[in-house]
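Trainee: Input: one structure, supplied below.
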Amino acid sequence: MNRKHKIVIVSVIVVLLLFSYGFWQYKKPKPERISYNQFLHEVQQNHVEKVFLNQGETIEGILKDDTRFVTDNPRKEGLKEELLKADIIVDEMKDQEMLNQAISYVILIGATIIIFFIALKKSPQAQSKKSKVGMNLKPEEGVKVNFSDIAGNQEAVQSVEELIDFINNPEKYSKYGARMPRGVILYGPPGTGKTLLAKAIAGEAGVPFYAVSGSDFVQVYVGVGAARIRELFKRARQSEKCVIFIDEIDALGKKRDGGLDGGGNDERDQTLNALLAEMSGFNENQGIVVVAATNRLDTLDEALLRPGRFDRHIEIGLPDVKARLKILELHSKNKPIHEDVDLEKLAHQTVYFSGAQLENLMNEAAILAAKKGNGMIDQHDIDRAFYTVIAGYEKKDRSAISHMDRMITAYHESGHALITKLIAPENRVSKVTIIPSTKGAGGFSMNIPPNRMYYKKKDMENNIKIMLAGRCAEEIIFGKENITTGASNDLEKATEVLIDMVRRFGMTDSSGLLNYDVLYRNGIKQVQDNFIDEAKRSLDDLYANVKDLLVKKKTLLVAIAERLLDEETLDEAQLDQIIQNAA
Ligand code: ATP
């Protein structure tokens, strides 16, 4: 019987009780109205047994033959004494009646409450599921998911591997005074396996897994979210070691707007503060790890990201071709796949697919095959599933669009990587990819300059050249009229560096050693025009320089871009190899 049924039944019982009470009151014999003279007569005749004086207004009473009567009381004084002298029992009727009525009401209300309580008391099962703060806080015990269920994402898996040891042997670390990471944020596009990874941490460590969503804590009533956070951590502490997973942490941890909207959002602030307080409060060497997930790290409140809170940030990106192949293989394991199916080809076709989309693709194919009943999933099923999945995610023909986009991204990123290798070999290019991530909309080339106290003019110029190389590669390969918006971020950064060179560091000839900031502060504004001219000329010169170099090394540029189109991600060793082979 569900809650609704119970409420209906209890309400019916209560209404019946009220009815019977009213009926009983109604059916109670009514006293007979008699005249005052008749009353005096009955008193004289010694027929009256008992009299209730209703605060002197009326006289009610019972005759010796049990007849009840009522009459008006014209005498306010002395009547009681006279009646008592005549051996009649006298009662203050109002008090008595009120008391009787009060008792019946108390019994009635008490009975109603008890019935409600018994009927609506949750079964122990339901009770353990929902806490008193009204949300499901039951952990998942004996989690079956582990690292072998995650394909690709190896860097992320490695980053969380040590957590397992932290959870299981906190003493080992506390002996050395090491602080266990309290909070880990997994960030990346939807469906890339953030929940899967969090669950696998619990599975590998063999500890309970508490999964909640940030939106569970955003409530209409101020204080409910904070109470839920406290309850969650209280339960977690009872489990001793565990993993708490908060999905969509941005729902409660968005940057605070400093009261710009007129006082801010009280409820969210309270909830966030409760979370921060709980995270700072629990014993770090107890074996509790809080893992949160978000699609956008940059929207989170700084307070969440400080040391001692969510101080580890792990990016979970879209899989590249190798990772996609692994994910497809993983999700084919328990399926009868026909030998004509080429998973490698499929991995190449599914650019920008997330892990969840790949899993969905294999599942759709399995459903189609099961409907046909041929006993195997063949290439035809996969092809149909591919279009079903694409149609489900977006209307346009993704494969056609993505091919041109990928070419542009590949040349753009190859430009950055190649110029880095040619002009700044001391910089590291740890990764070049055409898979979009938070670091770059199209793809990115990770250029890490060595740590230095001072930067030479040449270093800064080289940096600008590296930034311009993406646009330059696009122009060389696709023509001046086909350059794209992809370079906007590069141009912004290049301009910033150049302006610093001119304005602050006295590094260009015509600006001399003047500090332009000081000139502006002193109201000398006429320098502005030559300042822009100077900066533009320098950028043009640097661009021309990069272009010369890239034109000379075009074969190398093409080789890197083609390899990128094929493999989607290249590490430094692969990049060096391509450059060496061409030499
Ligand atoms: P969201 O941001 O939408 O919450 P998410 O990043 O948490 O998504 P999951 O819910 O973990 O993504 O992934 C959904 C499903 O996709 C997983 O249960 C799994 O089947 C599949 N999947 C995603 N990534 C991988 C992967 N790297 N390896 C294997 N399966 C994956």
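To be explicit about the labels: the chains of the structure tokens are called A, B, and onward in the order shown, and within each one the residues are counted from 1, while ligands get numbers from 1 in the order they are shown.
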Could you list, as a compact mmCIF listing (two decimals) with C-alpha atoms, in the first residue's frame, every residue within 10 Å of Ala356 in chain A, counting only C-alpha atoms and ignoring same-chain residues fewer than 2 positions away?

Mentor:
```txt
# COMPACT_ATOMS: atom_id res chain seq x y z
CA PRO A 190 28.89 15.14 -20.49
CA GLY A 191 29.09 11.38 -20.85
CA THR A 192 32.87 11.10 -20.63
CA GLY A 193 32.74 8.75 -17.65
CA ILE A 327 35.70 1.89 -25.28
CA PHE A 353 31.70 10.91 -29.53
CA SER A 354 31.75 10.62 -25.76
CA LEU A 358 29.81 5.01 -27.88
CA GLU A 359 28.17 2.77 -25.29
CA ASN A 360 24.80 3.88 -26.59
CA LEU A 361 25.88 3.12 -30.17
```

Trainee: Skipping near chain neighbours, those fewer than 2 positions away, what residues fall within 12 Å of Glu496 in chain A using only C-alpha atoms, listed as a VMD selection string?

Mentor: chain A and resid 460 to 461 463 to 464 467 489 to 494 498 to 504 535 to 536 539

Trainee: Which chains and residue numbers are within 9 Å of ligand 1, counting only C-alpha atoms and all ligand atoms, if I want them as an NGL selection string?

Mentor: :A and (148-154 or 186-199 or 247-248 or 293-295 or 316 or 318-319 or 323-324 or 326-328 or 330-331 or 354-360)

Trainee: Which neighbours of Tyr411 in chain A fall inside 10 Å, counting only C-alpha atoms, when residues of the same chain fewer than 5 positions from it are skipped, and could you give them as JSON, numbers by chain?

Mentor: {"A": [406, 416, 417, 434, 469, 470, 471, 472, 473, 474, 475, 476, 477, 478, 557, 558, 559, 560, 561, 562, 564, 565]}

Trainee: Taking only C-alpha atoms into account, which of A:Asp269, A:Glu568, A:Asp311, A:Asp378 comes nearest Asp340 in chain A?

Mentor: A:Asp378

Trainee: With DSSP run on the backbone, what are the alpha helix (DSSP H) residues within range 304-494 of chain A? I'd like them as a VMD selection string.

Mentor: chain A and resid 304 to 305 321 to 330 343 to 349 355 to 372 379 to 393 398 to 423 457 to 478 488 to 494

Trainee: Between A:Gln45, A:Thr409, A:Ser430, A:Ser159, which residue has the minimum interatomic distance to Ile185 in chain A, considering only C-alpha atoms?

Mentor: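 With only C-alpha atoms as the atom set, the closest residue is A:Ser159.
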
Trainee: By how many Å are CA of Asp301 in chain A and CA of Ser280 in chain A apart?

Mentor: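 Atom-to-atom, CA of Asp301 in chain A and CA of Ser280 in chain A are spaced 15.9 Å apart.
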